[in-house]
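Asks: Please find work25.txt (compact mmCIF, N, CA, C and O atoms) on the next line:
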```
# COMPACT_ATOMS: atom_id res chain seq x y z
N MET M 19 0.85 -1.18 0.00
CA MET M 19 0.00 0.00 0.00
C MET M 19 0.89 1.24 0.00
O MET M 19 1.89 1.30 0.70
N ALA M 20 0.51 2.20 -0.77
CA ALA M 20 1.27 3.45 -0.87
C ALA M 20 1.07 4.31 0.38
O ALA M 20 0.05 4.21 1.05
N GLU M 21 2.05 5.13 0.67
CA GLU M 21 1.92 6.08 1.76
C GLU M 21 2.21 7.48 1.23
O GLU M 21 3.17 7.69 0.50
N ILE M 22 1.35 8.41 1.57
CA ILE M 22 1.48 9.80 1.13
C ILE M 22 1.65 10.67 2.37
O ILE M 22 0.87 10.58 3.31
N THR M 23 2.69 11.52 2.35
CA THR M 23 2.95 12.43 3.47
C THR M 23 2.66 13.86 3.04
O THR M 23 3.16 14.33 2.03
N TYR M 24 1.84 14.53 3.82
CA TYR M 24 1.53 15.94 3.63
C TYR M 24 2.45 16.72 4.57
O TYR M 24 2.41 16.52 5.79
N GLU M 25 3.28 17.58 4.02
CA GLU M 25 4.26 18.33 4.79
C GLU M 25 3.90 19.81 4.81
O GLU M 25 3.65 20.41 3.76
N ILE M 26 3.86 20.42 5.99
CA ILE M 26 3.58 21.85 6.12
C ILE M 26 4.89 22.61 5.94
O ILE M 26 5.88 22.33 6.62
N VAL M 27 4.89 23.58 5.01
CA VAL M 27 6.11 24.33 4.70
C VAL M 27 5.78 25.81 4.49
O VAL M 27 4.66 26.17 4.14
N GLU M 28 6.79 26.67 4.69
CA GLU M 28 6.65 28.08 4.32
C GLU M 28 6.69 28.14 2.80
O GLU M 28 7.51 27.48 2.16
N HIS M 29 5.79 28.95 2.23
CA HIS M 29 5.72 29.00 0.77
C HIS M 29 5.06 30.31 0.32
O HIS M 29 3.99 30.67 0.80
N ASP M 30 5.73 31.00 -0.58
CA ASP M 30 5.17 32.16 -1.26
C ASP M 30 4.59 33.20 -0.29
O ASP M 30 3.49 33.69 -0.47
N GLY M 31 5.35 33.49 0.76
CA GLY M 31 4.93 34.52 1.71
C GLY M 31 3.93 34.05 2.75
O GLY M 31 3.37 34.85 3.48
N GLY M 32 3.67 32.76 2.82
CA GLY M 32 2.72 32.21 3.80
C GLY M 32 3.08 30.77 4.08
O GLY M 32 4.25 30.42 4.16
N TRP M 33 2.06 29.95 4.21
CA TRP M 33 2.23 28.53 4.51
C TRP M 33 1.45 27.69 3.52
O TRP M 33 0.40 28.12 3.04
N ALA M 34 1.95 26.50 3.25
CA ALA M 34 1.28 25.58 2.33
C ALA M 34 1.55 24.16 2.81
O ALA M 34 2.37 23.94 3.69
N TYR M 35 0.84 23.22 2.22
CA TYR M 35 1.24 21.83 2.41
C TYR M 35 1.80 21.33 1.09
O TYR M 35 1.45 21.80 0.02
N LYS M 36 2.72 20.40 1.20
CA LYS M 36 3.43 19.89 0.04
C LYS M 36 3.30 18.37 0.04
O LYS M 36 3.45 17.73 1.08
N VAL M 37 3.02 17.82 -1.12
CA VAL M 37 2.97 16.38 -1.32
C VAL M 37 3.89 16.09 -2.49
O VAL M 37 3.65 16.56 -3.61
N GLY M 38 4.97 15.35 -2.22
CA GLY M 38 5.97 15.14 -3.26
C GLY M 38 6.53 16.50 -3.63
O GLY M 38 6.96 17.26 -2.78
N GLY M 39 6.49 16.85 -4.89
CA GLY M 39 6.99 18.14 -5.34
C GLY M 39 5.90 19.16 -5.59
O GLY M 39 6.17 20.24 -6.12
N SER M 40 4.66 18.85 -5.21
CA SER M 40 3.53 19.75 -5.48
C SER M 40 3.10 20.49 -4.23
O SER M 40 2.98 19.90 -3.15
N PHE M 41 2.86 21.79 -4.40
CA PHE M 41 2.42 22.64 -3.30
C PHE M 41 0.92 22.92 -3.41
O PHE M 41 0.38 23.04 -4.51
N SER M 42 0.30 23.07 -2.26
CA SER M 42 -1.09 23.52 -2.22
C SER M 42 -1.12 25.03 -2.47
O SER M 42 -0.07 25.66 -2.65
N GLU M 43 -2.31 25.59 -2.40
CA GLU M 43 -2.40 27.05 -2.40
C GLU M 43 -1.75 27.57 -1.12
O GLU M 43 -1.51 26.80 -0.19
N THR M 44 -1.46 28.85 -1.07
CA THR M 44 -0.81 29.45 0.09
C THR M 44 -1.87 29.88 1.10
O THR M 44 -2.89 30.47 0.72
N PHE M 45 -1.60 29.60 2.37
CA PHE M 45 -2.49 29.97 3.47
C PHE M 45 -1.79 31.02 4.32
O PHE M 45 -0.56 31.04 4.42
N PRO M 46 -2.55 31.91 4.98
CA PRO M 46 -1.93 32.98 5.74
C PRO M 46 -1.23 32.53 7.02
O PRO M 46 -0.32 33.20 7.49
N THR M 47 -1.66 31.38 7.57
CA THR M 47 -1.07 30.92 8.83
C THR M 47 -0.70 29.44 8.74
O THR M 47 -1.24 28.69 7.92
N HIS M 48 0.21 29.05 9.61
CA HIS M 48 0.60 27.65 9.73
C HIS M 48 -0.62 26.79 10.09
O HIS M 48 -0.83 25.71 9.54
N GLU M 49 -1.42 27.29 11.02
CA GLU M 49 -2.60 26.56 11.47
C GLU M 49 -3.58 26.32 10.32
O GLU M 49 -4.14 25.23 10.20
N ALA M 50 -3.80 27.32 9.48
CA ALA M 50 -4.72 27.16 8.35
C ALA M 50 -4.19 26.11 7.36
O ALA M 50 -4.95 25.30 6.84
N ALA M 51 -2.88 26.12 7.11
CA ALA M 51 -2.28 25.13 6.22
C ALA M 51 -2.39 23.74 6.84
O ALA M 51 -2.67 22.76 6.14
N HIS M 52 -2.19 23.65 8.14
CA HIS M 52 -2.31 22.37 8.84
C HIS M 52 -3.72 21.80 8.72
O HIS M 52 -3.90 20.62 8.43
N ARG M 53 -4.72 22.64 8.96
CA ARG M 53 -6.12 22.19 8.85
C ARG M 53 -6.43 21.71 7.44
O ARG M 53 -7.09 20.67 7.25
N ALA M 54 -5.97 22.45 6.43
CA ALA M 54 -6.22 22.06 5.04
C ALA M 54 -5.52 20.74 4.70
O ALA M 54 -6.10 19.88 4.03
N ALA M 55 -4.30 20.56 5.18
CA ALA M 55 -3.56 19.32 4.93
C ALA M 55 -4.24 18.14 5.61
O ALA M 55 -4.35 17.06 5.03
N ALA M 56 -4.70 18.34 6.84
CA ALA M 56 -5.38 17.27 7.57
C ALA M 56 -6.66 16.86 6.83
O ALA M 56 -6.98 15.67 6.72
N ARG M 57 -7.39 17.84 6.32
CA ARG M 57 -8.62 17.56 5.57
C ARG M 57 -8.30 16.80 4.28
O ARG M 57 -8.94 15.80 3.96
N ALA M 58 -7.27 17.26 3.55
CA ALA M 58 -6.89 16.60 2.30
C ALA M 58 -6.41 15.17 2.55
O ALA M 58 -6.75 14.25 1.80
N ALA M 59 -5.64 14.97 3.62
CA ALA M 59 -5.15 13.63 3.95
C ALA M 59 -6.30 12.69 4.29
O ALA M 59 -6.31 11.53 3.86
N ALA M 60 -7.29 13.19 5.02
CA ALA M 60 -8.45 12.37 5.37
C ALA M 60 -9.25 12.01 4.12
O ALA M 60 -9.70 10.87 3.96
N GLU M 61 -9.44 12.97 3.23
CA GLU M 61 -10.19 12.71 2.00
C GLU M 61 -9.47 11.71 1.10
O GLU M 61 -10.10 10.91 0.42
N GLN M 62 -8.14 11.73 1.12
CA GLN M 62 -7.34 10.82 0.29
C GLN M 62 -7.57 9.36 0.70
O GLN M 62 -7.48 8.47 -0.12
N ARG M 63 -7.89 9.14 1.97
CA ARG M 63 -8.09 7.78 2.48
C ARG M 63 -9.49 7.23 2.20
O ARG M 63 -9.73 6.05 2.39
N LEU M 64 -10.43 8.08 1.78
CA LEU M 64 -11.81 7.63 1.57
C LEU M 64 -11.92 6.71 0.36
O LEU M 64 -11.37 6.99 -0.70
N ALA M 65 -12.66 5.65 0.54
CA ALA M 65 -12.91 4.74 -0.58
C ALA M 65 -13.84 5.42 -1.59
O ALA M 65 -14.63 6.28 -1.24
N GLY M 66 -13.71 5.00 -2.82
CA GLY M 66 -14.56 5.54 -3.88
C GLY M 66 -15.06 4.41 -4.76
O GLY M 66 -15.11 3.25 -4.35
N ASP M 67 -15.42 4.74 -5.97
CA ASP M 67 -15.91 3.75 -6.92
C ASP M 67 -14.76 3.09 -7.65
O ASP M 67 -13.74 3.72 -7.93
N THR M 68 -14.93 1.81 -7.97
CA THR M 68 -13.98 1.13 -8.85
C THR M 68 -14.27 1.61 -10.26
O THR M 68 -15.43 1.60 -10.71
N THR M 69 -13.25 2.08 -10.96
CA THR M 69 -13.45 2.65 -12.29
C THR M 69 -12.21 2.47 -13.15
O THR M 69 -11.11 2.29 -12.65
N ALA M 70 -12.41 2.52 -14.46
CA ALA M 70 -11.28 2.45 -15.39
C ALA M 70 -10.63 3.83 -15.47
O ALA M 70 -11.31 4.85 -15.48
N ILE M 71 -9.29 3.84 -15.47
CA ILE M 71 -8.55 5.09 -15.63
C ILE M 71 -7.59 4.94 -16.81
O ILE M 71 -7.10 3.86 -17.08
N THR M 72 -7.37 6.02 -17.52
CA THR M 72 -6.42 6.05 -18.62
C THR M 72 -5.42 7.16 -18.34
O THR M 72 -5.80 8.26 -17.95
N TYR M 73 -4.13 6.83 -18.51
CA TYR M 73 -3.09 7.82 -18.22
C TYR M 73 -1.89 7.57 -19.14
O TYR M 73 -1.74 6.49 -19.70
N GLU M 74 -1.06 8.60 -19.26
CA GLU M 74 0.17 8.49 -20.04
C GLU M 74 1.33 8.30 -19.07
O GLU M 74 1.50 9.07 -18.13
N ASN M 75 2.13 7.26 -19.28
CA ASN M 75 3.24 7.01 -18.38
C ASN M 75 4.46 7.83 -18.79
O ASN M 75 4.43 8.58 -19.78
N ALA M 76 5.55 7.70 -18.05
CA ALA M 76 6.76 8.50 -18.29
C ALA M 76 7.39 8.22 -19.65
O ALA M 76 8.09 9.07 -20.20
N ALA M 77 7.12 7.04 -20.22
CA ALA M 77 7.67 6.68 -21.53
C ALA M 77 6.78 7.19 -22.67
O ALA M 77 7.07 6.95 -23.84
N GLY M 78 5.70 7.88 -22.34
CA GLY M 78 4.80 8.41 -23.37
C GLY M 78 3.78 7.40 -23.87
O GLY M 78 3.11 7.64 -24.86
N GLU M 79 3.64 6.28 -23.17
CA GLU M 79 2.67 5.25 -23.55
C GLU M 79 1.37 5.46 -22.79
O GLU M 79 1.38 5.79 -21.61
N TRP M 80 0.25 5.26 -23.49
CA TRP M 80 -1.05 5.37 -22.84
C TRP M 80 -1.43 4.02 -22.26
O TRP M 80 -1.32 2.99 -22.91
N LYS M 81 -1.88 4.03 -21.01
CA LYS M 81 -2.25 2.82 -20.28
C LYS M 81 -3.69 2.96 -19.78
O LYS M 81 -4.12 4.05 -19.42
N THR M 82 -4.40 1.85 -19.76
CA THR M 82 -5.73 1.81 -19.17
C THR M 82 -5.71 0.72 -18.10
O THR M 82 -5.24 -0.39 -18.34
N GLU M 83 -6.18 1.08 -16.91
CA GLU M 83 -6.20 0.15 -15.78
C GLU M 83 -7.52 0.29 -15.05
O GLU M 83 -8.19 1.32 -15.14
N LEU M 84 -7.85 -0.75 -14.30
CA LEU M 84 -9.01 -0.70 -13.42
C LEU M 84 -8.51 -0.26 -12.04
O LEU M 84 -7.68 -0.94 -11.43
N ALA M 85 -8.97 0.88 -11.58
CA ALA M 85 -8.57 1.40 -10.26
C ALA M 85 -9.62 0.97 -9.25
O ALA M 85 -10.79 1.30 -9.36
N GLN M 86 -9.17 0.18 -8.27
CA GLN M 86 -10.06 -0.30 -7.23
C GLN M 86 -10.44 0.85 -6.30
O GLN M 86 -9.56 1.55 -5.80
N GLY M 87 -11.69 1.04 -6.05
CA GLY M 87 -12.15 2.13 -5.19
C GLY M 87 -11.73 2.00 -3.75
O GLY M 87 -11.68 2.97 -3.01
N ASP M 88 -11.40 0.76 -3.34
CA ASP M 88 -11.00 0.57 -1.95
C ASP M 88 -9.48 0.49 -1.78
O ASP M 88 -8.98 0.24 -0.70
N ASP M 89 -8.74 0.71 -2.85
CA ASP M 89 -7.26 0.69 -2.81
C ASP M 89 -6.76 2.09 -2.53
O ASP M 89 -6.34 2.82 -3.41
N ARG M 90 -6.83 2.50 -1.27
CA ARG M 90 -6.49 3.86 -0.87
C ARG M 90 -5.16 3.88 -0.13
O ARG M 90 -4.82 2.92 0.56
N PRO M 91 -4.40 4.95 -0.25
CA PRO M 91 -3.10 5.01 0.42
C PRO M 91 -3.24 5.33 1.91
O PRO M 91 -4.26 5.85 2.36
N GLU M 92 -2.20 5.02 2.65
CA GLU M 92 -2.06 5.52 4.02
C GLU M 92 -1.58 6.97 3.88
O GLU M 92 -0.81 7.29 2.98
N THR M 93 -2.02 7.82 4.77
CA THR M 93 -1.57 9.21 4.73
C THR M 93 -1.04 9.62 6.10
O THR M 93 -1.45 9.08 7.13
N SER M 94 -0.12 10.57 6.08
CA SER M 94 0.40 11.12 7.34
C SER M 94 0.65 12.61 7.14
O SER M 94 0.70 13.11 6.02
N LEU M 95 0.79 13.29 8.26
CA LEU M 95 0.98 14.74 8.25
C LEU M 95 2.28 15.04 8.97
O LEU M 95 2.46 14.68 10.13
N ASP M 96 3.21 15.68 8.26
CA ASP M 96 4.51 16.05 8.83
C ASP M 96 4.48 17.54 9.08
O ASP M 96 4.50 18.34 8.15
N ASP M 97 4.42 17.90 10.33
CA ASP M 97 4.26 19.30 10.70
C ASP M 97 5.57 19.82 11.17
O ASP M 97 5.88 20.53 11.94
```
Would it be possible to restate this file's structure as structure tokens?
Replies:
Amino acid sequence: MAEITYEIVEHDGGWAYKVGGSFSETFPTHEAAHRAAARAAAEQRLAGDTTAITYENAAGEWKTELAQGDDRPETSLDD
């Protein structure tokens, strides 16, 4: 099972959460960024519908897979 860490960081004159190399929008306070990251992490764990997904991989090939709605990652918050 995959694990995703939401990290609270200073960003663009305020605070944001970062997942991998992607930043959220900027929040005025650390607390606001923390609340947003906690909410996003909780939503990431929610099961959804099983559905077909199509995506382009790093080699430029298009792939179609069945994404299981209950195959959700573990999430954590690094403050």
Asks: Determine, counting only C-alpha atoms, which protein, DNA and RNA residues have an atom within 12 Å of an atom of M:Lys36; residues of the same chain fewer than 5 positions away are not included. Present the result as a PyMOL selection string.
Replies: chain M and resi 22-29+41-44+51-52+54-56+58-59+94-97
Asks: Those selected residues, please, written with N, CA, C and O atoms and delivered as a compact mmCIF listing (two decimals), keeping the file's coordinate frame.
Replies:
```
# COMPACT_ATOMS: atom_id res chain seq x y z
N ILE M 22 1.35 8.41 1.57
CA ILE M 22 1.48 9.80 1.13
C ILE M 22 1.65 10.67 2.37
O ILE M 22 0.87 10.58 3.31
N THR M 23 2.69 11.52 2.35
CA THR M 23 2.95 12.43 3.47
C THR M 23 2.66 13.86 3.04
O THR M 23 3.16 14.33 2.03
N TYR M 24 1.84 14.53 3.82
CA TYR M 24 1.53 15.94 3.63
C TYR M 24 2.45 16.72 4.57
O TYR M 24 2.41 16.52 5.79
N GLU M 25 3.28 17.58 4.02
CA GLU M 25 4.26 18.33 4.79
C GLU M 25 3.90 19.81 4.81
O GLU M 25 3.65 20.41 3.76
N ILE M 26 3.86 20.42 5.99
CA ILE M 26 3.58 21.85 6.12
C ILE M 26 4.89 22.61 5.94
O ILE M 26 5.88 22.33 6.62
N VAL M 27 4.89 23.58 5.01
CA VAL M 27 6.11 24.33 4.70
C VAL M 27 5.78 25.81 4.49
O VAL M 27 4.66 26.17 4.14
N GLU M 28 6.79 26.67 4.69
CA GLU M 28 6.65 28.08 4.32
C GLU M 28 6.69 28.14 2.80
O GLU M 28 7.51 27.48 2.16
N HIS M 29 5.79 28.95 2.23
CA HIS M 29 5.72 29.00 0.77
C HIS M 29 5.06 30.31 0.32
O HIS M 29 3.99 30.67 0.80
N PHE M 41 2.86 21.79 -4.40
CA PHE M 41 2.42 22.64 -3.30
C PHE M 41 0.92 22.92 -3.41
O PHE M 41 0.38 23.04 -4.51
N SER M 42 0.30 23.07 -2.26
CA SER M 42 -1.09 23.52 -2.22
C SER M 42 -1.12 25.03 -2.47
O SER M 42 -0.07 25.66 -2.65
N GLU M 43 -2.31 25.59 -2.40
CA GLU M 43 -2.40 27.05 -2.40
C GLU M 43 -1.75 27.57 -1.12
O GLU M 43 -1.51 26.80 -0.19
N THR M 44 -1.46 28.85 -1.07
CA THR M 44 -0.81 29.45 0.09
C THR M 44 -1.87 29.88 1.10
O THR M 44 -2.89 30.47 0.72
N ALA M 51 -2.88 26.12 7.11
CA ALA M 51 -2.28 25.13 6.22
C ALA M 51 -2.39 23.74 6.84
O ALA M 51 -2.67 22.76 6.14
N HIS M 52 -2.19 23.65 8.14
CA HIS M 52 -2.31 22.37 8.84
C HIS M 52 -3.72 21.80 8.72
O HIS M 52 -3.90 20.62 8.43
N ALA M 54 -5.97 22.45 6.43
CA ALA M 54 -6.22 22.06 5.04
C ALA M 54 -5.52 20.74 4.70
O ALA M 54 -6.10 19.88 4.03
N ALA M 55 -4.30 20.56 5.18
CA ALA M 55 -3.56 19.32 4.93
C ALA M 55 -4.24 18.14 5.61
O ALA M 55 -4.35 17.06 5.03
N ALA M 56 -4.70 18.34 6.84
CA ALA M 56 -5.38 17.27 7.57
C ALA M 56 -6.66 16.86 6.83
O ALA M 56 -6.98 15.67 6.72
N ALA M 58 -7.27 17.26 3.55
CA ALA M 58 -6.89 16.60 2.30
C ALA M 58 -6.41 15.17 2.55
O ALA M 58 -6.75 14.25 1.80
N ALA M 59 -5.64 14.97 3.62
CA ALA M 59 -5.15 13.63 3.95
C ALA M 59 -6.30 12.69 4.29
O ALA M 59 -6.31 11.53 3.86
N SER M 94 -0.12 10.57 6.08
CA SER M 94 0.40 11.12 7.34
C SER M 94 0.65 12.61 7.14
O SER M 94 0.70 13.11 6.02
N LEU M 95 0.79 13.29 8.26
CA LEU M 95 0.98 14.74 8.25
C LEU M 95 2.28 15.04 8.97
O LEU M 95 2.46 14.68 10.13
N ASP M 96 3.21 15.68 8.26
CA ASP M 96 4.51 16.05 8.83
C ASP M 96 4.48 17.54 9.08
O ASP M 96 4.50 18.34 8.15
N ASP M 97 4.42 17.90 10.33
CA ASP M 97 4.26 19.30 10.70
C ASP M 97 5.57 19.82 11.17
O ASP M 97 5.88 20.53 11.94
```
Asks: Per DSSP on the backbone, what are the helix (DSSP H, G or I) residues of chain M, as a short mmCIF file (atom, residue, chain, number, x, y, z; two decimals) with N, CA, C and O atoms, in the coordinates of the input?
Replies:
```
data_model
loop_
_atom_site.label_atom_id
_atom_site.label_comp_id
_atom_site.auth_asym_id
_atom_site.auth_seq_id
_atom_site.Cartn_x
_atom_site.Cartn_y
_atom_site.Cartn_z
N HIS M 48 0.21 29.05 9.61
CA HIS M 48 0.60 27.65 9.73
C HIS M 48 -0.62 26.79 10.09
O HIS M 48 -0.83 25.71 9.54
N GLU M 49 -1.42 27.29 11.02
CA GLU M 49 -2.60 26.56 11.47
C GLU M 49 -3.58 26.32 10.32
O GLU M 49 -4.14 25.23 10.20
N ALA M 50 -3.80 27.32 9.48
CA ALA M 50 -4.72 27.16 8.35
C ALA M 50 -4.19 26.11 7.36
O ALA M 50 -4.95 25.30 6.84
N ALA M 51 -2.88 26.12 7.11
CA ALA M 51 -2.28 25.13 6.22
C ALA M 51 -2.39 23.74 6.84
O ALA M 51 -2.67 22.76 6.14
N HIS M 52 -2.19 23.65 8.14
CA HIS M 52 -2.31 22.37 8.84
C HIS M 52 -3.72 21.80 8.72
O HIS M 52 -3.90 20.62 8.43
N ARG M 53 -4.72 22.64 8.96
CA ARG M 53 -6.12 22.19 8.85
C ARG M 53 -6.43 21.71 7.44
O ARG M 53 -7.09 20.67 7.25
N ALA M 54 -5.97 22.45 6.43
CA ALA M 54 -6.22 22.06 5.04
C ALA M 54 -5.52 20.74 4.70
O ALA M 54 -6.10 19.88 4.03
N ALA M 55 -4.30 20.56 5.18
CA ALA M 55 -3.56 19.32 4.93
C ALA M 55 -4.24 18.14 5.61
O ALA M 55 -4.35 17.06 5.03
N ALA M 56 -4.70 18.34 6.84
CA ALA M 56 -5.38 17.27 7.57
C ALA M 56 -6.66 16.86 6.83
O ALA M 56 -6.98 15.67 6.72
N ARG M 57 -7.39 17.84 6.32
CA ARG M 57 -8.62 17.56 5.57
C ARG M 57 -8.30 16.80 4.28
O ARG M 57 -8.94 15.80 3.96
N ALA M 58 -7.27 17.26 3.55
CA ALA M 58 -6.89 16.60 2.30
C ALA M 58 -6.41 15.17 2.55
O ALA M 58 -6.75 14.25 1.80
N ALA M 59 -5.64 14.97 3.62
CA ALA M 59 -5.15 13.63 3.95
C ALA M 59 -6.30 12.69 4.29
O ALA M 59 -6.31 11.53 3.86
N ALA M 60 -7.29 13.19 5.02
CA ALA M 60 -8.45 12.37 5.37
C ALA M 60 -9.25 12.01 4.12
O ALA M 60 -9.70 10.87 3.96
N GLU M 61 -9.44 12.97 3.23
CA GLU M 61 -10.19 12.71 2.00
C GLU M 61 -9.47 11.71 1.10
O GLU M 61 -10.10 10.91 0.42
N GLN M 62 -8.14 11.73 1.12
CA GLN M 62 -7.34 10.82 0.29
C GLN M 62 -7.57 9.36 0.70
O GLN M 62 -7.48 8.47 -0.12
#
```
Asks: To one decimal place, how far is atom C of M:Trp80 from atom C of M:Tyr35 in Å?
Replies: 29.2 Å
Asks: Skip M:Thr68 itself and residues of its chain fewer than 3 positions away, then list as a ChimeraX atom specification all residues within 9 Å of it, counting only C-alpha atoms.
Replies: /M:84-88
Asks: So how many Å separate atom O of M:Gly66 and atom N of M:Pro91, to one decimal?
Replies: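 So the answer is 11.6 Å.
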Asks: Interatomic distance between atom N of M:Ala34 and atom O of M:Gln62?
Replies: 20.6 Å
Asks: Determine, counting only C-alpha atoms, which protein, DNA and RNA residues have an atom within 9 Å of an atom of M:Glu83; residues of the same chain fewer than 5 positions away are not included. Present the result as a VMD selection string.
Replies: chain M and resid 69 to 73
Asks: Within chain M, find each residue whose DSSP state, derived from the backbone, is strand (DSSP E or B), and express the selection as JSON, numbers by chain.
Replies: {"M": [21, 22, 23, 24, 25, 26, 27, 28, 29, 32, 33, 34, 35, 36, 37, 40, 41, 45, 69, 70, 71, 72, 73, 74, 80, 81, 82, 83, 84, 85, 92, 93, 94, 95, 96]}
Asks: Counting only N, CA, C and O atoms, which residues sit no farther than 6 Å from the position (1.4, 32.1, 3.4) in the file's frame? I'd like them as a PDB file with N, CA, C and O atoms, keeping the file's coordinate frame.
Replies:
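Written file, out20.pdb:
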```pdb
ATOM      1  N   HIS M  29       5.790  28.950   2.230  1.00  0.00           N
ATOM      2  CA  HIS M  29       5.720  29.000   0.770  1.00  0.00           C
ATOM      3  C   HIS M  29       5.060  30.310   0.320  1.00  0.00           C
ATOM      4  O   HIS M  29       3.990  30.670   0.800  1.00  0.00           O
ATOM      5  N   ASP M  30       5.730  31.000  -0.580  1.00  0.00           N
ATOM      6  CA  ASP M  30       5.170  32.160  -1.260  1.00  0.00           C
ATOM      7  C   ASP M  30       4.590  33.200  -0.290  1.00  0.00           C
ATOM      8  O   ASP M  30       3.490  33.690  -0.470  1.00  0.00           O
ATOM      9  N   GLY M  31       5.350  33.490   0.760  1.00  0.00           N
ATOM     10  CA  GLY M  31       4.930  34.520   1.710  1.00  0.00           C
ATOM     11  C   GLY M  31       3.930  34.050   2.750  1.00  0.00           C
ATOM     12  O   GLY M  31       3.370  34.850   3.480  1.00  0.00           O
ATOM     13  N   GLY M  32       3.670  32.760   2.820  1.00  0.00           N
ATOM     14  CA  GLY M  32       2.720  32.210   3.800  1.00  0.00           C
ATOM     15  C   GLY M  32       3.080  30.770   4.080  1.00  0.00           C
ATOM     16  O   GLY M  32       4.250  30.420   4.160  1.00  0.00           O
ATOM     17  N   TRP M  33       2.060  29.950   4.210  1.00  0.00           N
ATOM     18  CA  TRP M  33       2.230  28.530   4.510  1.00  0.00           C
ATOM     19  C   TRP M  33       1.450  27.690   3.520  1.00  0.00           C
ATOM     20  O   TRP M  33       0.400  28.120   3.040  1.00  0.00           O
ATOM     21  N   ALA M  34       1.950  26.500   3.250  1.00  0.00           N
ATOM     22  CA  ALA M  34       1.280  25.580   2.330  1.00  0.00           C
ATOM     23  C   ALA M  34       1.550  24.160   2.810  1.00  0.00           C
ATOM     24  O   ALA M  34       2.370  23.940   3.690  1.00  0.00           O
ATOM     25  N   THR M  44      -1.460  28.850  -1.070  1.00  0.00           N
ATOM     26  CA  THR M  44      -0.810  29.450   0.090  1.00  0.00           C
ATOM     27  C   THR M  44      -1.870  29.880   1.100  1.00  0.00           C
ATOM     28  O   THR M  44      -2.890  30.470   0.720  1.00  0.00           O
ATOM     29  N   PHE M  45      -1.600  29.600   2.370  1.00  0.00           N
ATOM     30  CA  PHE M  45      -2.490  29.970   3.470  1.00  0.00           C
ATOM     31  C   PHE M  45      -1.790  31.020   4.320  1.00  0.00           C
ATOM     32  O   PHE M  45      -0.560  31.040   4.420  1.00  0.00           O
ATOM     33  N   PRO M  46      -2.550  31.910   4.980  1.00  0.00           N
ATOM     34  CA  PRO M  46      -1.930  32.980   5.740  1.00  0.00           C
ATOM     35  C   PRO M  46      -1.230  32.530   7.020  1.00  0.00           C
ATOM     36  O   PRO M  46      -0.320  33.200   7.490  1.00  0.00           O
ATOM     37  N   THR M  47      -1.660  31.380   7.570  1.00  0.00           N
ATOM     38  CA  THR M  47      -1.070  30.920   8.830  1.00  0.00           C
ATOM     39  C   THR M  47      -0.700  29.440   8.740  1.00  0.00           C
ATOM     40  O   THR M  47      -1.240  28.690   7.920  1.00  0.00           O
TER      41      THR M  47
END
```
Asks: Can you work out which one of M:Lys81, M:His48, M:Gly39, M:Arg90 has the shortest atom-to-atom distance to M:Leu64, counting all atoms listed in the file?
Replies: M:Arg90
